[in-house]
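Asker: Got a structure for you, questions after.
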Amino acid sequence: MLKVENVKKAFGAATVLDGVNLTVSPGEVVSILGSSGSGKSTLIRCINGLEKLNGGRIAIDDFDVAKPKELAEARKRSATVFQLFNLYPHMTTLQNIALAPVEVLKRPRAEVEQEARALLASVGLSDKVDAYPAHLSGGQRQRVGICRALAMKPRYLLLDEVTSALDPEMTAEVLAILAKLAREGTTMLFVTHEVEFARQISNRIVFLDKGVLLVDLPTEEFFAASGGLAQPRIAQFLSKMK
Ligand code: ADP
Ligand code: MG
């Protein structure tokens with residue numbers, strides 16, 4: 001399990017995460033909704049071990065991200081896709097995808113490249129194996145970004161607003177890939193503004209408001225008048241999303 005326990009994070013005097021608790025079990029899709037600045041990306045960065053916690057604990061399959069000896073094991077278990085694609089411009093799609101499995105996991109290149117080709121085929125990009133990022137559309141780059149994360153065979157896939165830099169058509173391309181991954185049982189922690197899509201693929205929805213996790217509910221309860229909608233902040237957020 002991925003466990004976030006009473007996590008606190010501040011930047012200077014500003015408290016950005018204020019006692020956040022969250023658990024993601026294998027096979028679950030959990031979406032994180034919340035306004036801009038509510039702390040969603042910071043939470044993802046804390047789970048990655050990219051930010052030092054000011055309190056609480058994050059453990060991935062019992063490996064504590066705050067313990068230097070356990071961080072590498074924790075990191076191996078999750079992979080993140082970011083809003084901006086962060087592909088290396090001087091590398092082809094195949095090289096971008098193969099880099100970490102070869103360099104970090106020390107796996108044989110031939111085997112990794114074969115898997116990378118299969119991943120690219122699974123997202124409809126077989127013809128872009130040798131293309132450079134500059135020659136791909138935004139939607140294609142983000143599909144490569146997803147392949148790059150999946151190439152690490154993570155137990156938990158973290159996605160931080162992976163479609164917010166894309167136009168509607170490209171967004172649809174990428175969401176179709178994520179829906180397929182969800183159907184295949186991929187465990188995902190999904191930060192998004194795509195409320196309707198989150199509703200379709202998530203087991204649970206959590207709502208962050210100014211660093212506080214207001215609710216954590218099964219999806220349909222979140223959207224029910226007696227559940228998440230009973231919270232004025234959430235009703236207001238959802239009405240703006242329409
Ligand atoms: P979200 O992803 O929900 O939009 P963020 O996690 O990016 O929110 O940011 C939450 C708050 O933390 C914001 O007020 C942001 O300005 C602040 N913040 C994020 N990263 C830093 C940083 N490295 N230094 C200072 N403040 C930061
Ligand atoms: Mg963010």
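Order determines the names: the first chain of the structure tokens is A, the second B, and so forth; residues in each chain are numbered 1 upward, and ligands are numbered 1 upward as they are shown.
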Which residues, written as a PyMOL selection string, have at least one atom at most 7 Å from range 8-19 of chain A, with only C-alpha atoms counted and residues fewer than 2 positions away on the same chain left out?
Answerer: chain A and resi 6+21+39+53-56+210-212
Asker: For Glu51 in chain A, work out the shell of residues within 10 Å, counting only C-alpha atoms and skipping chain neighbours fewer than 3 positions away, then give it as a PDB file with C-alpha atoms, in the first residue's frame.
Answerer:
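Saved to result_9.pdb:
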ATOM      1  CA  LYS A   9       4.681  20.410   4.627  1.00  0.00           C
ATOM      2  CA  THR A  42       3.365  19.204  -3.415  1.00  0.00           C
ATOM      3  CA  LEU A  43       1.715  16.023  -2.161  1.00  0.00           C
ATOM      4  CA  ILE A  44       2.880  14.141  -5.270  1.00  0.00           C
ATOM      5  CA  ARG A  45       6.402  15.545  -4.812  1.00  0.00           C
ATOM      6  CA  CYS A  46       6.389  14.424  -1.177  1.00  0.00           C
ATOM      7  CA  ILE A  47       5.370  10.899  -2.227  1.00  0.00           C
ATOM      8  CA  ASN A  48       8.247  10.912  -4.727  1.00  0.00           C
ATOM      9  CA  ASN A  54       7.874  18.702   8.095  1.00  0.00           C
ATOM     10  CA  VAL A  65      10.524   7.860   1.831  1.00  0.00           C
ATOM     11  CA  ALA A  66      12.120   9.896   4.628  1.00  0.00           C
TER      12      ALA A  66
END
Asker: Rounded to one decimal place, report the CA of Lys52 in chain A-CA of Ser38 in chain A distance in Å.
Answerer: 17.9 Å
Asker: Would you mind listing what lies within 9 Å of Gly228 in chain A as an mmCIF file with C-alpha atoms, in the first residue's frame, with only C-alpha atoms counted and same-chain residues fewer than 5 positions away left out?
Answerer:
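Dumped everything to around.cif:
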data_model
loop_
_atom_site.group_PDB
_atom_site.id
_atom_site.type_symbol
_atom_site.label_atom_id
_atom_site.label_comp_id
_atom_site.auth_asym_id
_atom_site.auth_seq_id
_atom_site.Cartn_x
_atom_site.Cartn_y
_atom_site.Cartn_z
ATOM 1 C CA PHE A 207 -10.560 16.714 -2.233
ATOM 2 C CA LEU A 214 -11.599 17.717 3.173
ATOM 3 C CA VAL A 215 -13.083 14.413 2.077
ATOM 4 C CA ASP A 216 -12.023 10.949 0.943
ATOM 5 C CA LEU A 217 -15.074 9.141 -0.435
ATOM 6 C CA GLU A 221 -20.655 9.216 -2.601
ATOM 7 C CA PHE A 222 -18.380 12.115 -3.481
ATOM 8 C CA PHE A 223 -20.846 13.282 -6.113
ATOM 9 C CA ILE A 234 -16.637 21.109 -2.983
ATOM 10 C CA ALA A 235 -19.999 22.132 -4.427
#
Asker: From the set A:Ala151, A:Ser164, A:Glu111, A:Pro89, which residue has the shortest atom-to-atom contact distance to Pro133 in chain A, counting only C-alpha atoms?
Answerer: A:Pro89
Asker: May I ask which of the residues A:Ala74, A:Ala182, A:Val30, A:Val191 is the closest one to Thr219 in chain A, counting only C-alpha atoms?
Answerer: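 Closest candidate: A:Val30.
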Asker: Sorted by chain and rising residue number, which residues of chain A lie within 12 Å of ligand 2, and what are their closest atom pairs and distances in Å to one decimal, counting only C-alpha atoms and all ligand atoms, as a Markdown table?
Answerer:
| residue | atom | partner | partner_atom_place_in_ligand_line | distance |
| --- | --- | --- | --- | --- |
| A:Val16 | CA | ligand 2 | 1 (Mg) | 11.9 |
| A:Ile32 | CA | ligand 2 | 1 (Mg) | 10.6 |
| A:Leu33 | CA | ligand 2 | 1 (Mg) | 10.3 |
| A:Gly34 | CA | ligand 2 | 1 (Mg) | 9.4 |
| A:Ser35 | CA | ligand 2 | 1 (Mg) | 9.0 |
| A:Ser36 | CA | ligand 2 | 1 (Mg) | 6.6 |
| A:Gly37 | CA | ligand 2 | 1 (Mg) | 6.9 |
| A:Ser38 | CA | ligand 2 | 1 (Mg) | 8.1 |
| A:Gly39 | CA | ligand 2 | 1 (Mg) | 7.0 |
| A:Lys40 | CA | ligand 2 | 1 (Mg) | 5.4 |
| A:Ser41 | CA | ligand 2 | 1 (Mg) | 4.0 |
| A:Thr42 | CA | ligand 2 | 1 (Mg) | 7.2 |
| A:Leu43 | CA | ligand 2 | 1 (Mg) | 9.1 |
| A:Ile44 | CA | ligand 2 | 1 (Mg) | 8.8 |
| A:Arg45 | CA | ligand 2 | 1 (Mg) | 9.9 |
| A:Phe82 | CA | ligand 2 | 1 (Mg) | 9.2 |
| A:Gln83 | CA | ligand 2 | 1 (Mg) | 8.2 |
| A:Leu84 | CA | ligand 2 | 1 (Mg) | 10.9 |
| A:Leu159 | CA | ligand 2 | 1 (Mg) | 10.4 |
| A:Asp160 | CA | ligand 2 | 1 (Mg) | 6.6 |
| A:Glu161 | CA | ligand 2 | 1 (Mg) | 6.8 |
| A:Val162 | CA | ligand 2 | 1 (Mg) | 10.0 |
| A:Thr163 | CA | ligand 2 | 1 (Mg) | 11.7 |
| A:Ser164 | CA | ligand 2 | 1 (Mg) | 9.8 |
| A:Ala165 | CA | ligand 2 | 1 (Mg) | 11.8 |
| A:Phe190 | CA | ligand 2 | 1 (Mg) | 11.4 |
| A:Val191 | CA | ligand 2 | 1 (Mg) | 7.9 |
| A:Thr192 | CA | ligand 2 | 1 (Mg) | 8.8 |
| A:His193 | CA | ligand 2 | 1 (Mg) | 10.1 |
| A:Leu208 | CA | ligand 2 | 1 (Mg) | 11.5 |
Asker: Using C-alpha atoms, can you write the selected residues to a file as a short mmCIF file (atom, residue, chain, number, x, y, z; two decimals), in the first residue's frame?
Answerer:
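out09.cif, written as the output of this step:
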data_model
loop_
_atom_site.label_atom_id
_atom_site.label_comp_id
_atom_site.auth_asym_id
_atom_site.auth_seq_id
_atom_site.Cartn_x
_atom_site.Cartn_y
_atom_site.Cartn_z
CA VAL A 16 0.98 23.80 2.21
CA ILE A 32 -7.22 14.07 -6.18
CA LEU A 33 -9.30 17.13 -6.94
CA GLY A 34 -8.80 20.64 -5.61
CA SER A 35 -8.26 24.22 -6.69
CA SER A 36 -4.98 25.53 -7.97
CA GLY A 37 -2.60 26.06 -5.05
CA SER A 38 -4.33 23.56 -2.77
CA GLY A 39 -1.17 21.44 -2.49
CA LYS A 40 -1.81 18.63 -4.98
CA SER A 41 1.57 18.79 -6.72
CA THR A 42 3.37 19.20 -3.42
CA LEU A 43 1.71 16.02 -2.16
CA ILE A 44 2.88 14.14 -5.27
CA ARG A 45 6.40 15.54 -4.81
CA PHE A 82 4.02 15.30 -14.94
CA GLN A 83 2.01 18.07 -16.55
CA LEU A 84 4.91 19.09 -18.75
CA LEU A 159 -0.20 11.42 -12.53
CA ASP A 160 -0.07 15.17 -11.94
CA GLU A 161 -2.41 17.07 -14.27
CA VAL A 162 -1.11 15.18 -17.26
CA THR A 163 -3.65 16.72 -19.63
CA SER A 164 -3.75 20.33 -18.47
CA ALA A 165 -1.25 21.51 -21.10
CA PHE A 190 -4.48 10.80 -10.30
CA VAL A 191 -4.35 14.58 -9.83
CA THR A 192 -6.70 16.13 -12.35
CA HIS A 193 -9.13 18.84 -13.34
CA LEU A 208 -7.72 18.94 -1.07
#
Asker: Would you pick out the contacts of Arg183 in chain A at 12 Å or less, using only C-alpha atoms, so that residues sharing its chain but fewer than 6 positions from it are not included, and give the list as a PyMOL selection string?
Answerer: chain A and resi 27-29+176-177+200-203
Asker: Choose the residue, out of A:Gly227, A:Pro26, A:Gly139, A:Gly185, that has the smallest atom-to-atom separation from Ser78 in chain A; count only C-alpha atoms.
Answerer: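 The closest residue to Ser78 in chain A is A:Pro26.
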Asker: What is the CA of Arg107 in chain A-CA of Lys153 in chain A distance in Å, reported with one decimal?
Answerer: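 Going from CA of Arg107 in chain A over to CA of Lys153 in chain A covers 12.0 Å.
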Asker: Extract the full set of helix (DSSP H, G or I) residues from range 117-176 of chain A according to DSSP on the backbone, and format it as a PyMOL selection string.
Answerer: chain A and resi 117-122+126-128+133-135+138-150+168-176
Asker: Can those selected residues be exported to a file as a PDB file, in the first residue's frame so that it contains C-alpha atoms?
Answerer:
ATOM      1  CA  ARG A 117       8.487  -0.837 -28.456  1.00  0.00           C
ATOM      2  CA  ALA A 118       5.563  -2.847 -27.091  1.00  0.00           C
ATOM      3  CA  LEU A 119       4.597   0.064 -24.815  1.00  0.00           C
ATOM      4  CA  LEU A 120       4.712   2.501 -27.725  1.00  0.00           C
ATOM      5  CA  ALA A 121       2.547   0.127 -29.763  1.00  0.00           C
ATOM      6  CA  SER A 122       0.041  -0.039 -26.897  1.00  0.00           C
ATOM      7  CA  SER A 126       4.739   2.392 -33.152  1.00  0.00           C
ATOM      8  CA  ASP A 127       5.690   4.744 -35.973  1.00  0.00           C
ATOM      9  CA  LYS A 128       7.340   7.218 -33.556  1.00  0.00           C
ATOM     10  CA  PRO A 133      10.198  15.007 -28.958  1.00  0.00           C
ATOM     11  CA  ALA A 134      10.271  18.189 -31.068  1.00  0.00           C
ATOM     12  CA  HIS A 135       8.583  16.257 -33.861  1.00  0.00           C
ATOM     13  CA  GLY A 138       1.688  17.454 -27.201  1.00  0.00           C
ATOM     14  CA  GLY A 139      -0.635  14.482 -26.941  1.00  0.00           C
ATOM     15  CA  GLN A 140       1.966  12.184 -28.471  1.00  0.00           C
ATOM     16  CA  ARG A 141       4.633  13.500 -26.067  1.00  0.00           C
ATOM     17  CA  GLN A 142       2.400  12.851 -23.108  1.00  0.00           C
ATOM     18  CA  ARG A 143       1.700   9.324 -24.340  1.00  0.00           C
ATOM     19  CA  VAL A 144       5.491   8.819 -24.492  1.00  0.00           C
ATOM     20  CA  GLY A 145       5.667  10.251 -20.964  1.00  0.00           C
ATOM     21  CA  ILE A 146       3.205   7.605 -19.799  1.00  0.00           C
ATOM     22  CA  CYS A 147       5.244   4.869 -21.540  1.00  0.00           C
ATOM     23  CA  ARG A 148       8.371   6.152 -19.854  1.00  0.00           C
ATOM     24  CA  ALA A 149       6.731   5.848 -16.445  1.00  0.00           C
ATOM     25  CA  LEU A 150       5.297   2.400 -17.224  1.00  0.00           C
ATOM     26  CA  PRO A 168      -9.309  18.900 -25.978  1.00  0.00           C
ATOM     27  CA  GLU A 169      -8.472  16.497 -28.784  1.00  0.00           C
ATOM     28  CA  MET A 170      -5.074  15.601 -27.346  1.00  0.00           C
ATOM     29  CA  THR A 171      -6.604  15.398 -23.881  1.00  0.00           C
ATOM     30  CA  ALA A 172      -9.036  12.780 -25.193  1.00  0.00           C
ATOM     31  CA  GLU A 173      -6.124  10.755 -26.654  1.00  0.00           C
ATOM     32  CA  VAL A 174      -4.332  10.689 -23.334  1.00  0.00           C
ATOM     33  CA  LEU A 175      -7.438  10.014 -21.224  1.00  0.00           C
ATOM     34  CA  ALA A 176      -8.237   7.025 -23.468  1.00  0.00           C
TER      35      ALA A 176
END
